[in-house]
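A.B. asks: So I've got this file, data.cif, and it contains mmCIF, C-alpha atoms:
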data_entry
#
loop_
_atom_site.label_atom_id
_atom_site.label_comp_id
_atom_site.auth_asym_id
_atom_site.auth_seq_id
_atom_site.Cartn_x
_atom_site.Cartn_y
_atom_site.Cartn_z
CA MET A 1 -24.13 2.14 12.63
CA LEU A 2 -27.73 3.14 12.09
CA ASP A 3 -30.19 0.49 10.94
CA ILE A 4 -31.24 1.07 7.32
CA LYS A 5 -34.85 0.41 8.31
CA PHE A 6 -34.58 3.16 10.95
CA ILE A 7 -33.16 5.57 8.36
CA ARG A 8 -35.88 4.68 5.86
CA GLU A 9 -38.65 5.24 8.41
CA ASN A 10 -37.05 8.28 10.10
CA LEU A 11 -35.38 10.09 7.22
CA ASP A 12 -36.23 13.56 8.53
CA THR A 13 -34.69 12.70 11.92
CA VAL A 14 -31.47 11.55 10.26
CA LYS A 15 -31.36 14.68 8.08
CA LYS A 16 -31.80 16.86 11.17
CA SER A 17 -29.05 14.94 12.95
CA LEU A 18 -26.64 15.63 10.09
CA LYS A 19 -27.64 19.31 10.01
CA ASP A 20 -27.21 19.65 13.78
CA ARG A 21 -23.77 18.07 13.52
CA GLY A 22 -22.82 20.45 10.71
CA LEU A 23 -22.41 17.61 8.21
CA GLN A 24 -23.62 16.91 4.68
CA LEU A 25 -24.20 13.44 3.23
CA ASP A 26 -26.06 12.25 0.14
CA LEU A 27 -28.98 10.49 1.80
CA GLU A 28 -31.00 10.48 -1.43
CA HIS A 29 -28.39 8.23 -3.04
CA LEU A 30 -28.54 6.00 0.03
CA MET A 31 -32.33 5.73 -0.26
CA GLN A 32 -32.05 4.99 -3.98
CA LEU A 33 -29.63 2.13 -3.27
CA ASP A 34 -31.93 0.85 -0.54
CA LYS A 35 -34.89 0.88 -2.94
CA MET A 36 -32.89 -0.95 -5.63
CA ARG A 37 -31.77 -3.54 -3.10
CA ARG A 38 -35.32 -4.22 -1.89
CA GLU A 39 -36.56 -4.53 -5.49
CA ASN A 40 -33.70 -6.94 -6.19
CA LEU A 41 -34.60 -9.03 -3.12
CA ASN A 42 -38.27 -9.17 -4.16
CA GLU A 43 -37.36 -10.32 -7.65
CA LEU A 44 -34.95 -12.90 -6.26
CA GLU A 45 -37.64 -14.28 -3.98
CA VAL A 46 -40.04 -14.71 -6.91
CA LEU A 47 -37.38 -16.41 -9.06
CA ARG A 48 -36.31 -18.73 -6.24
CA GLN A 49 -39.91 -19.81 -5.79
CA GLU A 50 -40.18 -20.41 -9.56
CA LYS A 51 -36.97 -22.45 -9.45
CA ASN A 52 -38.29 -24.58 -6.60
CA ARG A 53 -41.55 -25.21 -8.46
CA ALA A 54 -39.62 -26.11 -11.62
CA ASN A 55 -37.48 -28.53 -9.61
CA ASP A 56 -40.59 -30.22 -8.27
CA GLU A 57 -42.12 -30.42 -11.76
CA ILE A 58 -38.94 -31.86 -13.27
CA THR A 59 -38.77 -34.47 -10.52
CA ALA A 60 -42.40 -35.43 -11.20
CA LEU A 61 -41.84 -35.65 -14.99
CA LEU A 62 -38.74 -37.80 -14.59
CA LYS A 63 -40.53 -40.03 -12.09
CA ALA A 64 -43.36 -40.47 -14.62
CA LYS A 65 -40.72 -41.11 -17.33
CA LYS A 66 -41.88 -38.11 -19.34
CA ASP A 67 -39.83 -35.57 -21.34
CA ALA A 68 -38.45 -32.87 -18.99
CA LYS A 69 -36.04 -31.13 -21.41
CA ALA A 70 -38.16 -27.98 -21.85
CA LYS A 71 -38.61 -27.64 -18.10
CA ILE A 72 -34.89 -28.17 -17.48
CA THR A 73 -34.04 -25.47 -20.06
CA SER A 74 -36.50 -23.11 -18.40
CA MET A 75 -35.02 -23.83 -14.96
CA LYS A 76 -31.49 -23.14 -16.24
CA GLU A 77 -32.66 -19.74 -17.53
CA ILE A 78 -34.16 -18.99 -14.11
CA ALA A 79 -30.93 -20.09 -12.41
CA THR A 80 -28.90 -17.77 -14.65
CA LYS A 81 -31.17 -14.84 -13.75
CA ILE A 82 -30.80 -15.70 -10.06
CA ASP A 83 -26.98 -15.75 -10.34
CA THR A 84 -27.03 -12.33 -12.02
CA LEU A 85 -29.34 -10.85 -9.40
CA GLU A 86 -27.26 -12.31 -6.56
CA ASP A 87 -24.13 -10.68 -7.98
CA GLU A 88 -26.00 -7.39 -8.27
CA LEU A 89 -27.23 -7.79 -4.68
CA LYS A 90 -23.67 -8.28 -3.41
CA GLU A 91 -22.61 -5.06 -5.14
CA LEU A 92 -25.63 -3.16 -3.80
CA ASP A 93 -24.94 -4.47 -0.28
CA SER A 94 -21.33 -3.34 -0.56
CA GLN A 95 -22.26 0.17 -1.74
CA LEU A 96 -24.99 0.49 0.86
CA ASN A 97 -22.73 -0.66 3.68
CA LYS A 98 -20.01 1.84 2.71
CA LEU A 99 -22.51 4.68 2.91
CA LEU A 100 -24.02 3.45 6.18
CA LEU A 101 -20.55 3.42 7.76
CA LEU A 102 -20.26 7.17 7.03
CA ILE A 103 -23.48 8.17 8.83
CA PRO A 104 -22.88 9.33 12.43
CA ASN A 105 -25.00 8.48 15.43
CA ILE A 106 -28.17 10.42 16.28
CA PRO A 107 -27.60 12.95 19.11
CA HIS A 108 -29.75 12.46 22.21
CA PRO A 109 -32.56 15.07 22.49
CA SER A 110 -30.88 16.55 25.60
CA VAL A 111 -27.70 17.45 23.68
CA PRO A 112 -27.34 21.21 22.96
CA VAL A 113 -27.54 22.02 19.25
CA GLY A 114 -24.67 23.99 17.75
CA ASP A 115 -20.92 24.50 17.85
CA ALA A 116 -18.44 24.73 20.74
CA THR A 117 -19.98 28.00 21.94
CA LYS A 118 -23.08 26.00 22.95
CA LYS A 119 -21.11 23.80 25.35
CA GLY A 120 -22.98 23.63 28.65
CA ILE A 121 -21.27 23.67 32.06
CA VAL A 122 -23.04 21.09 34.24
CA ARG A 123 -21.06 21.54 37.47
CA THR A 124 -17.67 22.58 38.84
CA TYR A 125 -15.46 21.26 41.62
CA LEU A 126 -13.13 23.43 43.75
CA GLU A 127 -12.17 27.04 43.15
CA ARG A 128 -9.22 27.94 40.99
CA PRO A 129 -6.06 28.08 43.14
CA VAL A 130 -4.65 31.41 44.33
CA PHE A 131 -0.85 31.74 44.44
CA ASP A 132 1.35 34.28 46.19
CA PHE A 133 3.66 34.10 43.18
CA LYS A 134 3.19 33.96 39.41
CA PRO A 135 2.52 30.31 38.52
CA VAL A 136 4.61 28.87 35.71
CA THR A 137 3.76 26.31 33.06
CA HIS A 138 4.35 22.57 33.20
CA LEU A 139 7.07 23.04 30.59
CA GLU A 140 9.06 25.25 32.94
CA ILE A 141 8.33 23.00 35.92
CA SER A 142 9.39 19.80 34.14
CA ARG A 143 12.54 21.48 32.84
CA HIS A 144 13.45 22.81 36.30
CA LEU A 145 12.83 19.44 38.01
CA ASP A 146 14.35 17.45 35.11
CA ILE A 147 11.39 15.05 34.98
CA ILE A 148 10.39 15.30 31.29
CA ASP A 149 12.77 15.56 28.33
CA PHE A 150 10.96 16.72 25.19
CA GLY A 151 14.18 17.36 23.24
CA ARG A 152 15.52 13.83 23.53
CA ALA A 153 12.06 12.37 22.86
CA ALA A 154 12.05 14.30 19.58
CA LYS A 155 15.51 12.96 18.80
CA ILE A 156 14.43 9.38 19.49
CA THR A 157 11.10 9.50 17.66
CA GLY A 158 9.92 12.95 16.51
CA SER A 159 8.09 16.04 17.68
CA ASN A 160 5.20 15.75 20.14
CA PHE A 161 6.47 12.59 21.78
CA VAL A 162 7.43 12.42 25.45
CA LEU A 163 10.32 11.02 27.49
CA TYR A 164 9.50 10.86 31.20
CA LYS A 165 12.46 10.41 33.52
CA GLY A 166 13.12 9.93 37.22
CA TRP A 167 10.25 11.21 39.35
CA GLY A 168 8.34 12.12 36.19
CA ALA A 169 8.25 8.45 35.14
CA LYS A 170 7.39 7.37 38.68
CA LEU A 171 4.58 9.92 38.92
CA GLU A 172 3.11 8.67 35.63
CA ARG A 173 3.24 5.07 36.86
CA ALA A 174 1.73 6.05 40.22
CA LEU A 175 -1.21 7.75 38.52
CA ILE A 176 -1.93 4.68 36.39
CA ASN A 177 -1.80 2.30 39.37
CA PHE A 178 -3.92 4.63 41.51
CA MET A 179 -6.65 4.84 38.87
CA LEU A 180 -6.71 1.09 38.20
CA ASP A 181 -6.94 0.37 41.91
CA LEU A 182 -9.73 2.91 42.36
CA HIS A 183 -11.86 1.60 39.52
CA THR A 184 -11.37 -2.09 40.32
CA LYS A 185 -11.62 -1.88 44.13
CA LYS A 186 -14.20 0.90 44.55
CA HIS A 187 -16.19 1.17 41.31
CA GLY A 188 -16.69 -2.48 40.37
CA TYR A 189 -14.71 -2.69 37.11
CA THR A 190 -12.77 -5.76 35.97
CA GLU A 191 -9.23 -4.99 34.85
CA ILE A 192 -8.23 -5.82 31.28
CA PHE A 193 -4.79 -5.57 29.68
CA PRO A 194 -5.51 -5.70 25.92
CA PRO A 195 -3.29 -5.68 22.81
CA PHE A 196 -2.08 -2.28 21.66
CA LEU A 197 -2.51 -3.30 18.01
CA VAL A 198 -5.92 -4.07 16.50
CA ASN A 199 -7.23 -5.16 13.11
CA ARG A 200 -9.44 -3.26 10.70
CA PRO A 201 -12.74 -4.88 11.81
CA SER A 202 -12.02 -3.77 15.40
CA MET A 203 -11.42 -0.17 14.33
CA THR A 204 -14.55 -0.26 12.17
CA GLY A 205 -16.63 -1.72 14.98
CA THR A 206 -16.04 1.20 17.34
CA GLY A 207 -16.37 3.84 14.61
CA GLN A 208 -12.79 5.01 14.01
CA LEU A 209 -12.87 3.61 10.48
CA PRO A 210 -13.46 4.53 7.80
CA LYS A 211 -13.97 8.19 8.77
CA LEU A 212 -10.89 8.76 10.95
CA GLU A 213 -8.28 6.60 9.24
CA GLU A 214 -5.96 9.54 8.52
CA ASP A 215 -5.67 10.19 12.26
CA MET A 216 -4.52 6.63 13.01
CA TYR A 217 -1.11 4.98 12.93
CA ARG A 218 -1.26 1.96 10.62
CA LEU A 219 1.18 -0.88 9.97
CA LYS A 220 0.78 -1.17 6.22
CA ASP A 221 2.34 -4.63 5.89
CA ASP A 222 -0.12 -6.22 8.32
CA ASP A 223 -3.05 -3.77 8.08
CA LEU A 224 -3.00 -3.39 11.85
CA PHE A 225 -3.52 -0.14 13.74
CA LEU A 226 -1.95 1.23 16.91
CA ILE A 227 -4.88 1.86 19.22
CA PRO A 228 -6.08 5.46 19.69
CA THR A 229 -7.73 4.39 22.96
CA ALA A 230 -8.36 1.19 24.93
CA GLU A 231 -12.03 1.61 23.95
CA VAL A 232 -11.21 -0.15 20.67
CA PRO A 233 -9.78 -3.50 21.87
CA VAL A 234 -11.96 -3.64 25.00
CA THR A 235 -15.25 -3.00 23.17
CA ASN A 236 -14.30 -5.59 20.56
CA ILE A 237 -13.86 -8.31 23.18
CA PHE A 238 -17.48 -9.25 22.47
CA ARG A 239 -17.57 -8.58 18.72
CA ASP A 240 -19.82 -11.11 16.94
CA GLU A 241 -20.93 -12.58 20.28
CA VAL A 242 -24.25 -12.95 22.10
CA LEU A 243 -24.25 -12.11 25.81
CA ALA A 244 -26.78 -13.24 28.40
CA GLU A 245 -29.09 -10.65 29.98
CA GLU A 246 -28.16 -11.88 33.44
CA ASP A 247 -24.49 -11.07 32.75
CA LEU A 248 -25.22 -7.38 32.13
CA PRO A 249 -24.02 -4.82 33.00
CA ILE A 250 -20.36 -5.60 32.31
CA TYR A 251 -17.76 -3.03 33.45
CA TYR A 252 -14.16 -3.17 32.19
CA THR A 253 -11.21 -0.89 32.89
CA ALA A 254 -7.89 -0.95 31.06
CA TYR A 255 -4.61 0.90 31.02
CA THR A 256 -3.01 1.33 27.62
CA ALA A 257 -0.76 3.67 25.78
CA CYS A 258 -2.75 5.56 23.11
CA PHE A 259 -1.48 6.63 19.70
CA ARG A 260 -2.90 9.42 17.57
CA ARG A 261 -1.41 11.18 14.59
CA GLU A 262 -3.46 14.32 15.36
CA ALA A 263 -3.70 14.86 11.61
CA GLY A 264 -6.19 17.71 12.02
CA SER A 265 -4.32 19.59 14.74
CA TYR A 266 -2.34 21.98 12.54
CA GLY A 267 -2.42 25.42 14.09
CA LYS A 268 -3.59 24.19 17.49
CA ASP A 269 -1.56 24.51 20.69
CA THR A 270 0.90 21.61 20.62
CA LYS A 271 3.38 22.76 23.27
CA GLY A 272 4.53 20.35 25.95
CA LEU A 273 2.03 17.71 27.01
CA ILE A 274 -1.09 19.40 25.67
CA ARG A 275 -1.28 17.52 22.36
CA VAL A 276 1.03 14.52 21.99
CA HIS A 277 1.08 11.53 19.66
CA GLN A 278 1.49 8.94 22.42
CA PHE A 279 -0.07 9.20 25.87
CA ASP A 280 -1.22 6.97 28.70
CA LYS A 281 -4.85 6.49 29.65
CA VAL A 282 -7.00 4.39 31.94
CA GLU A 283 -10.25 3.64 30.10
CA LEU A 284 -13.68 2.65 31.38
CA VAL A 285 -15.98 0.58 29.12
CA LYS A 286 -19.53 -0.60 29.82
CA PHE A 287 -21.88 -3.07 28.13
CA VAL A 288 -25.43 -2.48 29.39
CA LYS A 289 -29.10 -3.02 28.62
CA PRO A 290 -30.66 -0.24 26.50
CA GLU A 291 -33.09 0.89 29.18
CA ASP A 292 -30.20 1.43 31.62
CA SER A 293 -27.69 3.20 29.42
CA TYR A 294 -28.34 6.84 30.34
CA ALA A 295 -28.33 6.12 34.08
CA GLU A 296 -25.09 4.21 33.46
CA LEU A 297 -23.66 7.27 31.65
CA GLU A 298 -24.23 9.44 34.72
CA LYS A 299 -22.54 6.80 36.91
CA LEU A 300 -19.64 6.61 34.46
CA VAL A 301 -19.09 10.36 34.70
CA LYS A 302 -19.12 10.14 38.51
CA ASP A 303 -16.48 7.38 38.40
CA ALA A 304 -14.20 9.57 36.28
CA GLU A 305 -14.88 12.62 38.45
CA ARG A 306 -13.82 10.70 41.55
CA VAL A 307 -10.29 10.45 40.15
CA LEU A 308 -10.00 14.23 39.91
CA GLU A 309 -11.63 14.77 43.31
CA LEU A 310 -9.14 12.47 45.03
CA LEU A 311 -6.28 14.20 43.23
CA GLY A 312 -7.61 17.51 44.55
CA LEU A 313 -7.81 19.15 41.12
CA PRO A 314 -10.24 21.93 40.16
CA TYR A 315 -12.41 20.67 37.31
CA ARG A 316 -15.71 21.17 35.55
CA VAL A 317 -18.14 18.85 33.79
CA VAL A 318 -19.47 20.05 30.43
CA VAL A 319 -22.00 18.54 28.06
CA LEU A 320 -20.87 18.68 24.43
CA PRO A 321 -23.07 20.23 21.73
CA THR A 322 -23.99 18.40 18.53
CA GLU A 323 -21.10 19.75 16.43
CA ASP A 324 -18.54 18.66 19.04
CA LEU A 325 -19.91 15.13 19.49
CA SER A 326 -17.72 12.28 18.31
CA PHE A 327 -18.91 10.37 15.25
CA ALA A 328 -20.25 7.42 17.27
CA ALA A 329 -21.63 9.17 20.36
CA SER A 330 -25.25 10.04 21.15
CA LYS A 331 -24.29 12.08 24.21
CA CYS A 332 -20.95 13.04 25.72
CA TYR A 333 -19.72 14.77 28.86
CA ASP A 334 -16.19 16.17 29.03
CA LEU A 335 -14.27 16.61 32.27
CA GLU A 336 -11.95 19.60 32.11
CA ALA A 337 -9.21 20.14 34.69
CA TYR A 338 -7.91 23.65 35.31
CA ALA A 339 -4.22 24.33 34.65
CA PRO A 340 -3.18 27.66 36.25
CA GLY A 341 0.24 27.93 34.60
CA ILE A 342 -1.29 28.11 31.14
CA ASP A 343 -4.61 29.46 32.53
CA THR A 344 -6.65 26.91 30.58
CA TRP A 345 -9.30 24.25 31.11
CA LEU A 346 -7.93 20.98 29.70
CA GLU A 347 -10.09 18.06 28.62
CA VAL A 348 -8.91 15.04 30.61
CA SER A 349 -11.92 12.77 30.11
CA SER A 350 -14.74 12.21 27.64
CA CYS A 351 -17.62 10.01 28.79
CA SER A 352 -19.94 8.86 26.01
CA ASN A 353 -23.06 6.80 25.45
CA PHE A 354 -23.05 5.22 21.99
CA GLU A 355 -26.41 3.49 22.49
CA SER A 356 -26.53 0.59 19.98
CA PHE A 357 -24.37 2.37 17.36
CA GLN A 358 -21.11 0.51 18.08
CA ALA A 359 -22.92 -2.73 18.92
CA ARG A 360 -24.53 -2.82 15.46
CA ARG A 361 -21.19 -2.24 13.76
CA ALA A 362 -19.46 -4.86 15.94
CA ASN A 363 -22.51 -7.19 16.10
CA ILE A 364 -22.63 -7.35 19.90
CA ARG A 365 -26.02 -8.63 21.07
CA TYR A 366 -27.58 -10.08 24.18
CA ARG A 367 -30.37 -12.55 24.73
CA ARG A 368 -33.14 -11.34 27.01
CA LEU A 369 -34.75 -13.69 29.48
CA ASP A 370 -37.67 -14.03 27.04
CA LYS A 371 -35.11 -15.27 24.44
CA LYS A 372 -35.42 -12.12 22.31
CA LEU A 373 -32.12 -10.92 20.80
CA GLU A 374 -31.21 -7.23 21.05
CA TYR A 375 -28.13 -5.08 20.61
CA VAL A 376 -26.41 -4.01 23.82
CA HIS A 377 -25.64 -0.36 24.51
CA THR A 378 -21.96 0.50 24.87
CA LEU A 379 -20.41 3.34 26.84
CA ASN A 380 -16.88 4.43 27.48
CA GLY A 381 -15.01 7.16 29.31
CA SER A 382 -11.48 8.15 30.22
CA GLY A 383 -10.89 7.38 33.83
CA VAL A 384 -8.74 9.48 33.25
CA ALA A 385 -6.33 10.41 30.48
CA LEU A 386 -2.75 11.51 30.89
CA ALA A 387 -0.73 13.60 30.02
CA ARG A 388 -3.08 16.56 30.56
CA THR A 389 -3.89 15.34 34.06
CA LEU A 390 -0.15 15.49 34.74
CA ILE A 391 -0.15 19.11 33.50
CA ALA A 392 -2.91 19.93 35.98
CA ILE A 393 -1.05 18.26 38.86
CA LEU A 394 2.28 19.97 38.14
CA GLU A 395 0.69 23.40 37.70
CA ASN A 396 -1.80 23.22 40.61
CA TYR A 397 0.66 21.77 43.10
CA GLN A 398 3.69 23.92 42.20
CA GLN A 399 5.42 25.77 45.02
CA LYS A 400 7.26 29.08 45.20
CA ASP A 401 10.61 27.30 45.67
CA GLY A 402 10.12 25.39 42.41
CA SER A 403 9.12 22.09 43.99
CA VAL A 404 5.83 20.27 43.38
CA VAL A 405 3.76 18.77 46.19
CA ILE A 406 2.59 15.24 45.42
CA PRO A 407 -1.18 14.72 45.88
CA GLU A 408 -1.72 12.78 49.07
CA VAL A 409 -3.57 9.94 47.35
CA LEU A 410 -0.49 9.19 45.20
CA ARG A 411 2.07 9.09 48.01
CA PRO A 412 1.55 5.40 48.87
CA TYR A 413 2.60 4.62 45.28
CA LEU A 414 5.72 6.80 45.61
CA ASP A 415 7.32 5.43 48.79
CA GLY A 416 5.57 8.11 50.87
CA LYS A 417 7.37 10.95 49.10
CA GLU A 418 5.56 14.27 49.68
CA ARG A 419 7.10 16.51 47.03
CA ILE A 420 9.39 16.63 44.00
CA PRO A 421 12.31 16.98 44.26
#
Represent the structure contained in this file as structure tokens.
C.D. replies:
Amino acid sequence: MLDIKFIRENLDTVKKSLKDRGLQLDLEHLMQLDKMRRENLNELEVLRQEKNRANDEITALLKAKKDAKAKITSMKEIATKIDTLEDELKELDSQLNKLLLLIPNIPHPSVPVGDATKKGIVRTYLERPVFDFKPVTHLEISRHLDIIDFGRAAKITGSNFVLYKGWGAKLERALINFMLDLHTKKHGYTEIFPPFLVNRPSMTGTGQLPKLEEDMYRLKDDDLFLIPTAEVPVTNIFRDEVLAEEDLPIYYTAYTACFRREAGSYGKDTKGLIRVHQFDKVELVKFVKPEDSYAELEKLVKDAERVLELLGLPYRVVVLPTEDLSFAASKCYDLEAYAPGIDTWLEVSSCSNFESFQARRANIRYRRLDKKLEYVHTLNGSGVALARTLIAILENYQQKDGSVVIPEVLRPYLDGKERIP
């Protein structure tokens, strides 16, 4: 959430941010509400002072055993006006807050302006593989090896759900354990295993609500949401809390299943594992001091990259332009792994700096050594997401005989097995 004072004093910057993101919002109405609220507060302050003076005068009159009826009547009139203004203030606060929740974060000056065509490639890792046969897709591989059953998953739940079986299930589990071990043992993260259901304030705190509610799975009887990413419960660990400067930075990693309705995906490629409603992910979340957050973003990207490097997958790092940025992010890098069977770069990680945007919404602050209170900066990244990483593994490591070589780093998690089957 942006501070209303910041918006008031930097209205042109906010307007440019919306334009660069390709969005339109009624900021004039927001400013009008802000003006009305400030006028209301000023009037309330004057009336409260008058009420206090009247109280003092009534006390003095009664103490002197003089008639205070006129003063009491006057004070009651003031009190009625105060009650009316306080009710109006509550309504203005509610309207203002609803509008503030719809305003996205300000993109960092280094973010390219424009749509997806402005996406910038920062670096690449490994050349695309060369085969002496025509590579096939992960759909054909999984069908041949009998490791993923999409048909029965659809029978059990519906389309775009996944049933891993045999070595497919073991490979998924191996990937999760490998990533958690890497991030906790080598990168300094503390492992968290959070709830997979969260409440409305948690979803609002990280920016999924109210804007993205249609893309979320909600339990209507309890008003709880299945998490779209571990970012939500992990970031909200410190909601409405004050951290100590000496405790920062804080690094957390968490495995969770993730649930997304993909309400806006009509017409997009939804075959196989490319776009599913439930998928596994190991998430990385950071709470840092503001002056450190962009250096921490670069380190976060490197931590996610290390996963793909150890898996031996060709990938590239891209910086997202303004129109591709998520609602809450100021800057975001995507990691895209190459899948030769479908000849496509697949996003397997997004690493974002939200600056103080989420912290304001979730009220996460820290106390500096000089006792000053400030909002922390929050960051998160996939470290990394499945199932697209599994696509990249199956398609990059496929063999002419139909088998799939298991990346060496995963073999200790799979009883030393070198290939499937």
A.B. asks: Within 12 Å of Lys371 in chain A, counting all atoms listed in the file, which residues show up once you throw out same-chain ones fewer than 2 positions away? Write them as a list in words, please.
C.D. replies: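 In the requested form, the answer reads Val242, Leu243, Ala244, Glu245, Glu246, Arg365, Tyr366, Arg367, Arg368, Leu369, Leu373 and Glu374 of chain A.
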A.B. asks: Using C-alpha atoms, can you export the residues from the last selection as a compact mmCIF listing (two decimals), in the coordinates of the input?
C.D. replies:
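Written out: result-v5.txt:
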# COMPACT_ATOMS: atom_id res chain seq x y z
CA VAL A 242 -24.25 -12.95 22.10
CA LEU A 243 -24.25 -12.11 25.81
CA ALA A 244 -26.78 -13.24 28.40
CA GLU A 245 -29.09 -10.65 29.98
CA GLU A 246 -28.16 -11.88 33.44
CA ARG A 365 -26.02 -8.63 21.07
CA TYR A 366 -27.58 -10.08 24.18
CA ARG A 367 -30.37 -12.55 24.73
CA ARG A 368 -33.14 -11.34 27.01
CA LEU A 369 -34.75 -13.69 29.48
CA LEU A 373 -32.12 -10.92 20.80
CA GLU A 374 -31.21 -7.23 21.05
A.B. asks: List as JSON lines every residue of range 162-209 of chain A that is in contact with range 401-421 of chain A, defined as an atom at most 7 Å from one of its atoms (using all atoms listed in the file), together with the nearest atom pair and the distance in Å rounded to one decimal, sorted by chain and then rising number.
C.D. replies:
{"residue": "A:Ala174", "atom": "CA", "partner": "A:Tyr413", "partner_atom": "CA", "distance": 5.3}
{"residue": "A:Leu175", "atom": "CA", "partner": "A:Leu410", "partner_atom": "CA", "distance": 6.9}
{"residue": "A:Phe178", "atom": "CA", "partner": "A:Leu410", "partner_atom": "CA", "distance": 6.8}
A.B. asks: Since I can't run it myself right now, could you work out what the PyMOL selection byres ((chain A and resi 347) around 7) selects here and report it as a PyMOL selection string?
C.D. replies: chain A and resi 334-337+345-346+348-349
A.B. asks: Find, counting only C-alpha atoms, the residue in A:Ile121, A:Leu33, A:Ile106, A:Leu297 that gets nearest to Ser330 in chain A.
C.D. replies: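 Looking only at the distances to Ser330 in chain A, the closest residue turns out to be A:Ile106.
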A.B. asks: Would you mind reading off the distance between CA of Leu102 in chain A and CA of Glu241 in chain A, one decimal, in Å?
C.D. replies: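 Spanning CA of Leu102 in chain A to CA of Glu241 in chain A is a straight-line distance of 23.8 Å.
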A.B. asks: Which of these, A:Phe357, A:Tyr397, A:Phe279, A:Tyr294, has the shortest distance to Leu313 in chain A once you count all atoms listed in the file?
C.D. replies: A:Tyr397
A.B. asks: Show me, as a CSV table (one decimal) with C-alpha atoms, keeping the file's coordinate frame, the residues that have an atom within 12 Å of Leu25 in chain A when counting all atoms listed in the file, minus same-chain residues fewer than 6 positions from it.
C.D. replies:
chain,number,residue,atom,x,y,z
A,14,VAL,CA,-31.5,11.6,10.3
A,15,LYS,CA,-31.4,14.7,8.1
A,16,LYS,CA,-31.8,16.9,11.2
A,17,SER,CA,-29.0,14.9,13.0
A,18,LEU,CA,-26.6,15.6,10.1
A,19,LYS,CA,-27.6,19.3,10.0
A,31,MET,CA,-32.3,5.7,-0.3
A,99,LEU,CA,-22.5,4.7,2.9
A,100,LEU,CA,-24.0,3.4,6.2
A,101,LEU,CA,-20.6,3.4,7.8
A,102,LEU,CA,-20.3,7.2,7.0
A,103,ILE,CA,-23.5,8.2,8.8
A,104,PRO,CA,-22.9,9.3,12.4
A.B. asks: Within 9 Å of Gly312 in chain A, counting only C-alpha atoms, which residues show up once you throw out same-chain ones fewer than 3 positions away? Write them as a list of chain:residue names, please.
C.D. replies: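 These residues fall inside the cut-off: A:Leu126, A:Val307, A:Leu308, A:Glu309, A:Ile393, A:Pro407, A:Glu408.
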A.B. asks: Please, what distance in Å, to one decimal, runs between CA of Val285 in chain A and CA of Gly381 in chain A?
C.D. replies: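 Calculated distance between CA of Val285 in chain A and CA of Gly381 in chain A is 6.7 Å.
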A.B. asks: Ranking A:Val162, A:Ala64, A:Leu325, A:Val317 by minimum distance to Leu139 in chain A and counting only C-alpha atoms, which one comes first?
C.D. replies: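 Counting only C-alpha atoms, the residue closest to Leu139 in chain A is A:Val162.
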A.B. asks: As a check of understanding, name the residues that the PyMOL selection byres ((chain A and resi 359) around 8) selects in the supplied structure, as an NGL selection string.
C.D. replies: :A and (205 or 239 or 355-358 or 360-365 or 375-378)
A.B. asks: With distances taken over all atoms listed in the file, which residue among A:Val130, A:Leu300, A:Leu62, A:Leu379 lies nearest Val234 in chain A?
C.D. replies: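 For Val234 in chain A, the nearest of the candidates is A:Leu379.
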A.B. asks: Rounded to one decimal place, report the CA of Phe259 in chain A-CA of Trp167 in chain A distance in Å.
C.D. replies: 23.3 Å
A.B. asks: Within 12 Å of (-33.8, -6.0, -2.0) (coordinates as in the file), grab all the protein and nucleic acid residues, counting all atoms listed in the file, and write them out as an NGL selection string.
C.D. replies: :A and (4 or 31-46 or 85-86 or 88-93 or 96)
A.B. asks: Skipping near chain neighbours, those fewer than 2 positions away, what residues fall within 9 Å of Gly272 in chain A using only C-alpha atoms, listed as a list in words?
C.D. replies: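 Surrounding residues, per the criterion: His138, Leu139, Phe150, Asn160, Val162, Thr270, Ile274, Arg275, Val276 and Ile391 of chain A.
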